[in-house]
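A.B. asks: File name protein-v2.cif; file contents mmCIF, N, CA and C atoms; full text below.
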```
data_upload
loop_
_atom_site.label_atom_id
_atom_site.label_comp_id
_atom_site.auth_asym_id
_atom_site.auth_seq_id
_atom_site.Cartn_x
_atom_site.Cartn_y
_atom_site.Cartn_z
N MET A 277 -107.69 -21.75 62.85
CA MET A 277 -108.29 -22.31 61.65
C MET A 277 -109.77 -21.96 61.64
N ASP A 278 -110.19 -21.20 60.65
CA ASP A 278 -111.57 -20.74 60.55
C ASP A 278 -112.45 -21.80 59.91
N VAL A 279 -113.47 -22.23 60.63
CA VAL A 279 -114.40 -23.24 60.13
C VAL A 279 -115.80 -22.67 60.24
N SER A 280 -116.55 -22.74 59.15
CA SER A 280 -117.96 -22.35 59.20
C SER A 280 -118.79 -23.62 59.04
N VAL A 281 -119.84 -23.72 59.85
CA VAL A 281 -120.72 -24.89 59.83
C VAL A 281 -122.14 -24.40 59.65
N TYR A 282 -122.85 -25.03 58.73
CA TYR A 282 -124.22 -24.61 58.46
C TYR A 282 -125.06 -25.78 57.97
N ARG A 283 -126.39 -25.59 58.02
CA ARG A 283 -127.32 -26.58 57.47
C ARG A 283 -127.18 -26.58 55.96
N VAL A 284 -127.22 -27.75 55.39
CA VAL A 284 -127.05 -27.92 53.95
C VAL A 284 -128.39 -27.71 53.24
N SER A 285 -128.35 -26.97 52.15
CA SER A 285 -129.54 -26.84 51.30
C SER A 285 -129.59 -28.06 50.39
N ALA A 286 -130.75 -28.30 49.80
CA ALA A 286 -130.91 -29.46 48.91
C ALA A 286 -129.88 -29.44 47.78
N GLY A 287 -129.50 -28.26 47.34
CA GLY A 287 -128.54 -28.14 46.26
C GLY A 287 -127.12 -28.55 46.62
N GLU A 288 -126.83 -28.67 47.90
CA GLU A 288 -125.48 -29.04 48.34
C GLU A 288 -125.39 -30.45 48.90
N LEU A 289 -126.49 -31.18 48.87
CA LEU A 289 -126.45 -32.54 49.42
C LEU A 289 -125.41 -33.40 48.73
N ASP A 290 -125.20 -33.21 47.44
CA ASP A 290 -124.20 -34.02 46.74
C ASP A 290 -122.81 -33.81 47.31
N VAL A 291 -122.51 -32.62 47.81
CA VAL A 291 -121.21 -32.34 48.43
C VAL A 291 -121.08 -33.14 49.73
N ALA A 292 -122.12 -33.13 50.54
CA ALA A 292 -122.11 -33.91 51.78
C ALA A 292 -121.96 -35.40 51.48
N PHE A 293 -122.71 -35.89 50.50
CA PHE A 293 -122.64 -37.31 50.15
C PHE A 293 -121.26 -37.69 49.62
N ALA A 294 -120.61 -36.79 48.90
CA ALA A 294 -119.27 -37.08 48.38
C ALA A 294 -118.27 -37.23 49.52
N ILE A 295 -118.36 -36.38 50.54
CA ILE A 295 -117.47 -36.49 51.70
C ILE A 295 -117.73 -37.82 52.42
N ARG A 296 -118.98 -38.16 52.62
CA ARG A 296 -119.32 -39.44 53.27
C ARG A 296 -118.77 -40.61 52.48
N ARG A 297 -118.89 -40.56 51.16
CA ARG A 297 -118.40 -41.66 50.31
C ARG A 297 -116.89 -41.84 50.50
N VAL A 298 -116.14 -40.73 50.50
CA VAL A 298 -114.69 -40.81 50.68
C VAL A 298 -114.36 -41.43 52.03
N VAL A 299 -114.96 -40.93 53.10
CA VAL A 299 -114.60 -41.38 54.45
C VAL A 299 -115.12 -42.78 54.74
N PHE A 300 -116.38 -43.03 54.50
CA PHE A 300 -116.96 -44.31 54.91
C PHE A 300 -116.73 -45.43 53.90
N VAL A 301 -116.98 -45.18 52.64
CA VAL A 301 -116.87 -46.24 51.63
C VAL A 301 -115.41 -46.47 51.24
N GLU A 302 -114.72 -45.40 50.84
CA GLU A 302 -113.35 -45.56 50.35
C GLU A 302 -112.35 -45.84 51.47
N GLU A 303 -112.39 -45.07 52.57
CA GLU A 303 -111.41 -45.25 53.64
C GLU A 303 -111.74 -46.42 54.57
N GLN A 304 -113.01 -46.52 54.98
CA GLN A 304 -113.37 -47.50 56.00
C GLN A 304 -113.94 -48.79 55.43
N GLY A 305 -114.21 -48.83 54.15
CA GLY A 305 -114.70 -50.05 53.52
C GLY A 305 -116.15 -50.38 53.80
N VAL A 306 -116.94 -49.39 54.18
CA VAL A 306 -118.38 -49.62 54.40
C VAL A 306 -119.02 -49.84 53.03
N PRO A 307 -119.82 -50.90 52.88
CA PRO A 307 -120.50 -51.12 51.61
C PRO A 307 -121.38 -49.91 51.25
N PRO A 308 -121.36 -49.48 49.99
CA PRO A 308 -122.14 -48.30 49.58
C PRO A 308 -123.62 -48.40 49.93
N GLU A 309 -124.18 -49.59 49.86
CA GLU A 309 -125.61 -49.74 50.16
C GLU A 309 -125.91 -49.57 51.65
N LEU A 310 -124.92 -49.77 52.51
CA LEU A 310 -125.11 -49.51 53.94
C LEU A 310 -124.91 -48.03 54.26
N GLU A 311 -123.98 -47.40 53.56
CA GLU A 311 -123.74 -45.97 53.78
C GLU A 311 -124.97 -45.18 53.33
N ALA A 312 -125.51 -45.50 52.19
CA ALA A 312 -126.73 -44.86 51.68
C ALA A 312 -127.91 -45.66 52.20
N ASP A 313 -128.30 -45.39 53.45
CA ASP A 313 -129.25 -46.23 54.18
C ASP A 313 -130.71 -45.86 54.01
N GLY A 314 -131.00 -44.88 53.16
CA GLY A 314 -132.39 -44.48 52.96
C GLY A 314 -132.94 -43.54 54.02
N LYS A 315 -132.09 -43.07 54.93
CA LYS A 315 -132.56 -42.20 56.01
C LYS A 315 -132.14 -40.74 55.82
N ASP A 316 -131.61 -40.43 54.64
CA ASP A 316 -131.18 -39.05 54.40
C ASP A 316 -132.35 -38.10 54.23
N GLU A 317 -133.40 -38.57 53.58
CA GLU A 317 -134.59 -37.74 53.43
C GLU A 317 -135.24 -37.59 54.80
N GLY A 318 -135.53 -36.39 55.16
CA GLY A 318 -136.12 -36.15 56.48
C GLY A 318 -135.09 -35.84 57.55
N ALA A 319 -133.81 -36.08 57.26
CA ALA A 319 -132.74 -35.73 58.20
C ALA A 319 -132.26 -34.32 57.90
N GLU A 320 -131.62 -33.71 58.88
CA GLU A 320 -130.96 -32.42 58.65
C GLU A 320 -129.50 -32.73 58.35
N HIS A 321 -128.94 -32.05 57.35
CA HIS A 321 -127.57 -32.28 56.93
C HIS A 321 -126.77 -31.01 57.17
N PHE A 322 -125.50 -31.19 57.51
CA PHE A 322 -124.62 -30.08 57.84
C PHE A 322 -123.31 -30.20 57.09
N LEU A 323 -122.72 -29.06 56.75
CA LEU A 323 -121.40 -29.02 56.13
C LEU A 323 -120.51 -28.12 56.95
N ALA A 324 -119.23 -28.48 57.01
CA ALA A 324 -118.21 -27.62 57.58
C ALA A 324 -117.29 -27.22 56.43
N ARG A 325 -117.01 -25.95 56.37
CA ARG A 325 -116.12 -25.43 55.31
C ARG A 325 -114.96 -24.66 55.95
N GLN A 326 -113.83 -24.78 55.29
CA GLN A 326 -112.68 -23.92 55.58
C GLN A 326 -112.52 -23.07 54.33
N GLY A 327 -112.87 -21.82 54.43
CA GLY A 327 -112.94 -20.99 53.23
C GLY A 327 -114.02 -21.55 52.33
N GLU A 328 -113.68 -21.79 51.08
CA GLU A 328 -114.63 -22.35 50.12
C GLU A 328 -114.65 -23.87 50.12
N LEU A 329 -113.68 -24.49 50.78
CA LEU A 329 -113.51 -25.94 50.73
C LEU A 329 -114.40 -26.66 51.74
N ALA A 330 -115.28 -27.54 51.26
CA ALA A 330 -116.10 -28.38 52.13
C ALA A 330 -115.20 -29.50 52.66
N VAL A 331 -115.11 -29.61 53.99
CA VAL A 331 -114.15 -30.55 54.59
C VAL A 331 -114.79 -31.57 55.53
N ALA A 332 -116.05 -31.39 55.88
CA ALA A 332 -116.70 -32.32 56.81
C ALA A 332 -118.21 -32.21 56.67
N THR A 333 -118.88 -33.27 57.11
CA THR A 333 -120.33 -33.29 57.05
C THR A 333 -120.88 -34.12 58.21
N ALA A 334 -122.16 -33.94 58.48
CA ALA A 334 -122.88 -34.75 59.46
C ALA A 334 -124.36 -34.67 59.10
N ARG A 335 -125.11 -35.62 59.62
CA ARG A 335 -126.56 -35.50 59.54
C ARG A 335 -127.10 -35.79 60.93
N ALA A 336 -128.31 -35.30 61.17
CA ALA A 336 -128.98 -35.54 62.45
C ALA A 336 -130.46 -35.70 62.15
N ARG A 337 -131.10 -36.55 62.95
CA ARG A 337 -132.52 -36.79 62.72
C ARG A 337 -133.19 -37.20 64.03
N ARG A 338 -134.49 -36.96 64.05
CA ARG A 338 -135.31 -37.37 65.20
C ARG A 338 -135.51 -38.88 65.14
N THR A 339 -135.38 -39.53 66.29
CA THR A 339 -135.71 -40.95 66.41
C THR A 339 -136.54 -41.12 67.67
N ASP A 340 -136.95 -42.34 67.93
CA ASP A 340 -137.72 -42.58 69.17
C ASP A 340 -136.85 -42.42 70.42
N ARG A 341 -135.53 -42.33 70.26
CA ARG A 341 -134.62 -42.17 71.40
C ARG A 341 -134.12 -40.74 71.57
N GLY A 342 -134.36 -39.88 70.58
CA GLY A 342 -133.89 -38.50 70.70
C GLY A 342 -133.40 -37.95 69.38
N TRP A 343 -132.32 -37.16 69.44
CA TRP A 343 -131.72 -36.49 68.29
C TRP A 343 -130.44 -37.24 67.95
N LYS A 344 -130.50 -38.06 66.94
CA LYS A 344 -129.36 -38.91 66.58
C LYS A 344 -128.44 -38.19 65.62
N ILE A 345 -127.22 -37.96 66.07
CA ILE A 345 -126.19 -37.36 65.24
C ILE A 345 -125.43 -38.51 64.60
N GLU A 346 -125.32 -38.48 63.28
CA GLU A 346 -124.71 -39.60 62.59
C GLU A 346 -124.04 -39.16 61.29
N ARG A 347 -123.37 -40.10 60.67
CA ARG A 347 -122.67 -39.85 59.41
C ARG A 347 -121.72 -38.65 59.54
N VAL A 348 -121.07 -38.55 60.70
CA VAL A 348 -120.08 -37.50 60.92
C VAL A 348 -118.81 -37.92 60.20
N ALA A 349 -118.40 -37.12 59.22
CA ALA A 349 -117.26 -37.47 58.38
C ALA A 349 -116.40 -36.24 58.15
N VAL A 350 -115.11 -36.37 58.46
CA VAL A 350 -114.14 -35.30 58.25
C VAL A 350 -113.08 -35.82 57.29
N LEU A 351 -112.79 -35.06 56.24
CA LEU A 351 -111.76 -35.49 55.30
C LEU A 351 -110.42 -35.62 56.01
N GLY A 352 -109.63 -36.60 55.59
CA GLY A 352 -108.40 -36.97 56.27
C GLY A 352 -107.45 -35.82 56.58
N ALA A 353 -107.22 -34.92 55.64
CA ALA A 353 -106.27 -33.83 55.84
C ALA A 353 -106.72 -32.85 56.92
N GLN A 354 -108.00 -32.81 57.23
CA GLN A 354 -108.51 -31.87 58.22
C GLN A 354 -108.69 -32.49 59.61
N ARG A 355 -108.50 -33.78 59.74
CA ARG A 355 -108.67 -34.43 61.04
C ARG A 355 -107.60 -33.96 62.02
N GLY A 356 -108.02 -33.83 63.28
CA GLY A 356 -107.09 -33.42 64.32
C GLY A 356 -106.87 -31.92 64.40
N HIS A 357 -107.69 -31.15 63.67
CA HIS A 357 -107.53 -29.69 63.65
C HIS A 357 -108.77 -28.96 64.16
N GLY A 358 -109.67 -29.67 64.83
CA GLY A 358 -110.84 -29.03 65.41
C GLY A 358 -112.05 -28.93 64.51
N VAL A 359 -111.95 -29.41 63.28
CA VAL A 359 -113.07 -29.32 62.35
C VAL A 359 -114.24 -30.17 62.84
N GLY A 360 -113.97 -31.42 63.21
CA GLY A 360 -115.03 -32.30 63.68
C GLY A 360 -115.72 -31.76 64.92
N MET A 361 -114.94 -31.19 65.84
CA MET A 361 -115.52 -30.64 67.06
C MET A 361 -116.40 -29.44 66.75
N ALA A 362 -115.95 -28.57 65.85
CA ALA A 362 -116.77 -27.42 65.46
C ALA A 362 -118.08 -27.88 64.83
N LEU A 363 -118.00 -28.91 64.01
CA LEU A 363 -119.19 -29.46 63.35
C LEU A 363 -120.17 -30.01 64.39
N VAL A 364 -119.69 -30.83 65.30
CA VAL A 364 -120.56 -31.45 66.31
C VAL A 364 -121.15 -30.39 67.24
N ARG A 365 -120.36 -29.41 67.63
CA ARG A 365 -120.89 -28.35 68.51
C ARG A 365 -122.05 -27.62 67.84
N ARG A 366 -121.92 -27.35 66.54
CA ARG A 366 -122.99 -26.64 65.83
C ARG A 366 -124.24 -27.52 65.72
N VAL A 367 -124.06 -28.80 65.45
CA VAL A 367 -125.21 -29.72 65.37
C VAL A 367 -125.91 -29.76 66.74
N LEU A 368 -125.14 -29.78 67.82
CA LEU A 368 -125.73 -29.77 69.16
C LEU A 368 -126.50 -28.48 69.42
N GLU A 369 -125.95 -27.35 68.99
CA GLU A 369 -126.64 -26.06 69.17
C GLU A 369 -127.99 -26.06 68.48
N LEU A 370 -128.09 -26.77 67.37
CA LEU A 370 -129.31 -26.76 66.57
C LEU A 370 -130.25 -27.92 66.89
N ALA A 371 -129.93 -28.69 67.91
CA ALA A 371 -130.81 -29.81 68.29
C ALA A 371 -132.16 -29.28 68.74
N PRO A 372 -133.23 -29.94 68.31
CA PRO A 372 -134.56 -29.50 68.75
C PRO A 372 -134.70 -29.57 70.28
N PRO A 373 -135.34 -28.60 70.88
CA PRO A 373 -135.52 -28.61 72.34
C PRO A 373 -136.24 -29.88 72.79
N GLY A 374 -135.78 -30.42 73.89
CA GLY A 374 -136.42 -31.59 74.47
C GLY A 374 -135.95 -32.93 73.92
N LEU A 375 -135.15 -32.93 72.87
CA LEU A 375 -134.63 -34.18 72.33
C LEU A 375 -133.20 -34.40 72.80
N VAL A 376 -132.92 -35.57 73.35
CA VAL A 376 -131.59 -35.88 73.86
C VAL A 376 -130.67 -36.25 72.69
N PRO A 377 -129.57 -35.52 72.51
CA PRO A 377 -128.62 -35.90 71.47
C PRO A 377 -127.90 -37.20 71.83
N TYR A 378 -127.73 -38.06 70.83
CA TYR A 378 -126.98 -39.30 71.04
C TYR A 378 -126.32 -39.73 69.75
N VAL A 379 -125.37 -40.65 69.89
CA VAL A 379 -124.64 -41.17 68.73
C VAL A 379 -124.41 -42.66 68.88
N HIS A 380 -124.18 -43.31 67.76
CA HIS A 380 -123.59 -44.64 67.72
C HIS A 380 -122.14 -44.39 67.32
N ALA A 381 -121.26 -44.30 68.30
CA ALA A 381 -119.88 -43.90 68.05
C ALA A 381 -119.00 -45.09 67.69
N GLN A 382 -118.20 -44.92 66.65
CA GLN A 382 -117.20 -45.95 66.35
C GLN A 382 -116.25 -46.01 67.55
N GLU A 383 -115.88 -47.22 67.95
CA GLU A 383 -115.01 -47.35 69.11
C GLU A 383 -113.69 -46.59 68.95
N SER A 384 -113.20 -46.50 67.73
CA SER A 384 -111.96 -45.77 67.50
C SER A 384 -112.12 -44.27 67.74
N ALA A 385 -113.36 -43.78 67.80
CA ALA A 385 -113.62 -42.35 67.99
C ALA A 385 -114.22 -42.04 69.36
N LEU A 386 -114.18 -42.98 70.30
CA LEU A 386 -114.79 -42.73 71.61
C LEU A 386 -114.20 -41.51 72.29
N GLY A 387 -112.90 -41.33 72.21
CA GLY A 387 -112.25 -40.18 72.85
C GLY A 387 -112.77 -38.86 72.29
N PHE A 388 -112.95 -38.80 70.99
CA PHE A 388 -113.50 -37.59 70.37
C PHE A 388 -114.87 -37.29 70.96
N TRP A 389 -115.74 -38.30 70.99
CA TRP A 389 -117.10 -38.08 71.47
C TRP A 389 -117.13 -37.76 72.96
N GLN A 390 -116.23 -38.33 73.74
CA GLN A 390 -116.14 -37.98 75.16
C GLN A 390 -115.74 -36.51 75.32
N ARG A 391 -114.78 -36.05 74.52
CA ARG A 391 -114.37 -34.64 74.57
C ARG A 391 -115.52 -33.72 74.15
N ALA A 392 -116.41 -34.22 73.31
CA ALA A 392 -117.57 -33.43 72.87
C ALA A 392 -118.69 -33.44 73.91
N GLY A 393 -118.52 -34.21 74.99
CA GLY A 393 -119.51 -34.20 76.07
C GLY A 393 -120.44 -35.39 76.10
N PHE A 394 -120.09 -36.46 75.38
CA PHE A 394 -120.92 -37.67 75.35
C PHE A 394 -120.38 -38.72 76.30
N VAL A 395 -121.30 -39.56 76.80
CA VAL A 395 -120.97 -40.63 77.74
C VAL A 395 -121.43 -41.95 77.15
N ALA A 396 -120.53 -42.93 77.16
CA ALA A 396 -120.86 -44.26 76.62
C ALA A 396 -121.75 -45.02 77.59
N GLU A 397 -122.70 -45.74 77.03
CA GLU A 397 -123.59 -46.59 77.83
C GLU A 397 -123.77 -47.92 77.13
N GLY A 398 -123.87 -48.98 77.89
CA GLY A 398 -124.15 -50.29 77.32
C GLY A 398 -122.94 -50.93 76.65
N PRO A 399 -123.15 -52.14 76.15
CA PRO A 399 -122.05 -52.88 75.51
C PRO A 399 -121.77 -52.38 74.09
N SER A 400 -120.63 -52.79 73.58
CA SER A 400 -120.33 -52.45 72.19
C SER A 400 -121.17 -53.32 71.26
N PHE A 401 -121.35 -52.86 70.03
CA PHE A 401 -122.12 -53.60 69.03
C PHE A 401 -121.51 -53.31 67.67
N GLU A 402 -121.92 -54.08 66.69
CA GLU A 402 -121.37 -53.93 65.35
C GLU A 402 -122.37 -53.29 64.41
N GLU A 403 -121.89 -52.32 63.63
CA GLU A 403 -122.65 -51.72 62.53
C GLU A 403 -121.70 -51.64 61.35
N ALA A 404 -122.11 -52.15 60.22
CA ALA A 404 -121.32 -52.10 58.98
C ALA A 404 -119.92 -52.68 59.18
N GLY A 405 -119.82 -53.70 60.04
CA GLY A 405 -118.54 -54.35 60.27
C GLY A 405 -117.60 -53.58 61.17
N ILE A 406 -118.09 -52.54 61.84
CA ILE A 406 -117.26 -51.68 62.70
C ILE A 406 -117.88 -51.68 64.10
N ARG A 407 -117.03 -51.84 65.13
CA ARG A 407 -117.51 -51.82 66.52
C ARG A 407 -117.91 -50.40 66.92
N HIS A 408 -119.06 -50.30 67.59
CA HIS A 408 -119.64 -49.03 68.02
C HIS A 408 -120.05 -49.10 69.50
N ARG A 409 -120.28 -47.94 70.07
CA ARG A 409 -120.89 -47.81 71.40
C ARG A 409 -121.99 -46.76 71.32
N TRP A 410 -123.06 -46.97 72.06
CA TRP A 410 -124.13 -46.00 72.18
C TRP A 410 -123.66 -44.94 73.17
N MET A 411 -123.78 -43.67 72.81
CA MET A 411 -123.36 -42.58 73.70
C MET A 411 -124.44 -41.50 73.70
N ARG A 412 -124.69 -40.94 74.85
CA ARG A 412 -125.64 -39.84 74.97
C ARG A 412 -124.90 -38.59 75.41
N PHE A 413 -125.46 -37.45 75.05
CA PHE A 413 -124.87 -36.18 75.44
C PHE A 413 -125.01 -36.04 76.96
N ALA A 414 -123.92 -35.77 77.64
CA ALA A 414 -123.88 -35.82 79.10
C ALA A 414 -124.82 -34.83 79.77
N SER A 415 -125.05 -33.67 79.16
CA SER A 415 -125.92 -32.69 79.82
C SER A 415 -127.35 -33.20 79.86
N ALA A 416 -127.63 -34.25 79.10
CA ALA A 416 -128.96 -34.82 79.07
C ALA A 416 -129.05 -36.05 79.98
N ALA A 417 -128.17 -36.12 80.97
CA ALA A 417 -128.11 -37.27 81.88
C ALA A 417 -129.47 -37.58 82.47
N GLY A 418 -129.83 -38.85 82.39
CA GLY A 418 -131.06 -39.32 82.99
C GLY A 418 -132.31 -39.10 82.15
N ALA A 419 -132.16 -38.41 81.01
CA ALA A 419 -133.34 -38.13 80.20
C ALA A 419 -133.79 -39.32 79.38
N ILE A 420 -132.90 -40.28 79.16
CA ILE A 420 -133.27 -41.50 78.43
C ILE A 420 -133.19 -42.64 79.41
N GLY A 421 -134.25 -43.40 79.50
CA GLY A 421 -134.30 -44.49 80.47
C GLY A 421 -133.78 -45.78 80.00
#
```
Written as structure tokens, that's how I'd like the structure from this file.

C.D. replies:
Amino acid sequence: MDVSVYRVSAGELDVAFAIRRVVFVEEQGVPPELEADGKDEGAEHFLARQGELAVATARARRTDRGWKIERVAVLGAQRGHGVGMALVRRVLELAPPGLVPYVHAQESALGFWQRAGFVAEGPSFEEAGIRHRWMRFASAAGAIG
């Protein structure tokens, strides 16, 4: 399955937002005002396409803890086919040097993030009514205190 992943131009942000709306708001019941958290400006956005079809998105941004990968959303029909992994690998490749990649992973997706090379740390917590765990990219072990 051929997947291309690239940084989104300003003209394609609506495509990324539409995928997020389907996955987070419609499927998972996240309130729209929590999904649109005001942190999109200044973040880098990514799209995964199969041919011409946009099937997944993610955003990443600098924080005081490192390079936070978030809003990773894969349309239902493409889940389990490597699209999400291709997307995350590309976001990791493009992480700014010296910043530790990390995520707030939904507990239901811990296995995915572990396969991507992340390690869970600390207790679970709630975001938008969904249980999460803080995870850091394993190759960055010890870089965050």

A.B. asks: May I ask for the distance between CA of Gln390 in chain A and CA of Glu311 in chain A, given in Å to one decimal place?

C.D. replies: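 Answer for the CA of Gln390 in chain A to CA of Glu311 in chain A separation: 24.1 Å.
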
A.B. asks: Grab the atom N of Gly358 in chain A to atom N of Leu329 in chain A distance for me, in Å with one decimal place.

C.D. replies: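 We find that atom N of Gly358 in chain A and atom N of Leu329 in chain A lie 15.5 Å from each other.
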
A.B. asks: Contacts of Ala396 in chain A at 6.5 Å or less, counting all atoms listed in the file, minus same-chain residues fewer than 4 places along, as a ChimeraX atom specification?

C.D. replies: /A:409-412

A.B. asks: Take the selection from the previous step and output its residues with N, CA and C atoms, as a PDB file, keeping the file's coordinate frame.

C.D. replies:
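Heads up, here's the output in again02.pdb:
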```pdb
ATOM      1  N   ARG A 409    -120.280 -47.940  70.070  1.00  0.00           N
ATOM      2  CA  ARG A 409    -120.890 -47.810  71.400  1.00  0.00           C
ATOM      3  C   ARG A 409    -121.990 -46.760  71.320  1.00  0.00           C
ATOM      4  N   TRP A 410    -123.060 -46.970  72.060  1.00  0.00           N
ATOM      5  CA  TRP A 410    -124.130 -46.000  72.180  1.00  0.00           C
ATOM      6  C   TRP A 410    -123.660 -44.940  73.170  1.00  0.00           C
ATOM      7  N   MET A 411    -123.780 -43.670  72.810  1.00  0.00           N
ATOM      8  CA  MET A 411    -123.360 -42.580  73.700  1.00  0.00           C
ATOM      9  C   MET A 411    -124.440 -41.500  73.700  1.00  0.00           C
ATOM     10  N   ARG A 412    -124.690 -40.940  74.850  1.00  0.00           N
ATOM     11  CA  ARG A 412    -125.640 -39.840  74.970  1.00  0.00           C
ATOM     12  C   ARG A 412    -124.900 -38.590  75.410  1.00  0.00           C
TER      13      ARG A 412
END
```

A.B. asks: What is the distance between CA of Glu369 in chain A and atom C of Ala330 in chain A, in Å to one decimal?

C.D. replies: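 Atom-to-atom, CA of Glu369 in chain A to atom C of Ala330 in chain A, that is 20.4 Å.
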
A.B. asks: Where does DSSP see strand (DSSP E or B) in range 320-413 of chain A, if you list the residues as number ranges by chain?

C.D. replies: A: 320-326, 329-339, 342-350, 377-382, 394-403, 406-413

A.B. asks: Which of chain A counts as helix (DSSP H, G or I) under DSSP, as a ChimeraX atom specification please?

C.D. replies: /A:286-303,308-311,352-354,359-369,383-391,414-416

A.B. asks: Smallest atom-to-atom distance to Pro372 in chain A: which of A:Arg391, A:Arg337, A:Arg407, A:Arg347, using only C-alpha atoms?

C.D. replies: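 Nearest candidate to Pro372 in chain A out of A:Arg391, A:Arg337, A:Arg407, A:Arg347: A:Arg337.
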
A.B. asks: Name the residues captured by the PyMOL selection byres ((chain A and resi 331) around 8) when it is applied to the shown file; answer as a ChimeraX atom specification.

C.D. replies: /A:295,323-326,328-330,332-333,349-352,354-355,359-360

A.B. asks: Take the point (-120.0, -33.4, 68.8) in the file's coordinates, draw a sphere of radius 8 Å around it, and report as a list in words every protein, DNA or RNA residue with an atom inside or on it, counting only N, CA and C atoms.

C.D. replies: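 It turns out the residues near that spot are Gly360, Met361, Ala362, Leu363, Val364, Arg365, Arg366, Val367, Leu368, Phe388, Trp389, Gln390, Arg391, Ala392, Gly393 and Phe394 of chain A.
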
A.B. asks: I want to know what sits within 9 Å of Gln304 in chain A, based on only C-alpha atoms, with residues of the same chain fewer than 5 positions away left out; could you give that as a list in words?

C.D. replies: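 Selected residues are Val298, Val299 and Ile406 of chain A.
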
A.B. asks: Would you write out, as a PyMOL selection string, every residue that the PyMOL selection byres ((chain A and resi 319) around 6.5) captures in this file?

C.D. replies: chain A and resi 315-318+320-321+335-338

A.B. asks: Give, as AutoDock Vina command-line options, the centre coordinates and the x, y and z edge lengths in Å to one decimal for an axis-aligned box around all listed atoms of range 381-387 of chain A, padded by 4 Å on each side.

C.D. replies:
```
--center_x -116.6 --center_y -43.1 --center_z 69.6 --size_x 17.3 --size_y 16.5 --size_z 14.5
```

A.B. asks: Please enumerate the residues selected by the PyMOL selection byres (((chain A and resi 340 and name CA) around 12) and name CA) when evaluated against the supplied file, formatted as a list in words.

C.D. replies: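 This file, filtered by the PyMOL selection byres (((chain A and resi 340 and name CA) around 12) and name CA), leaves Arg337, Arg338, Thr339, Arg341, Gly342, Trp343, Lys344, Leu375, Val376, Pro377, Tyr378, Ile420 and Gly421 of chain A.
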
A.B. asks: I'd like to know which of A:Ala371, A:Val348, A:Val379, A:Gly305 is closest to Gly405 in chain A, using only C-alpha atoms.

C.D. replies: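 Ranking A:Ala371, A:Val348, A:Val379, A:Gly305 by distance to Gly405 in chain A, first place goes to A:Gly305.
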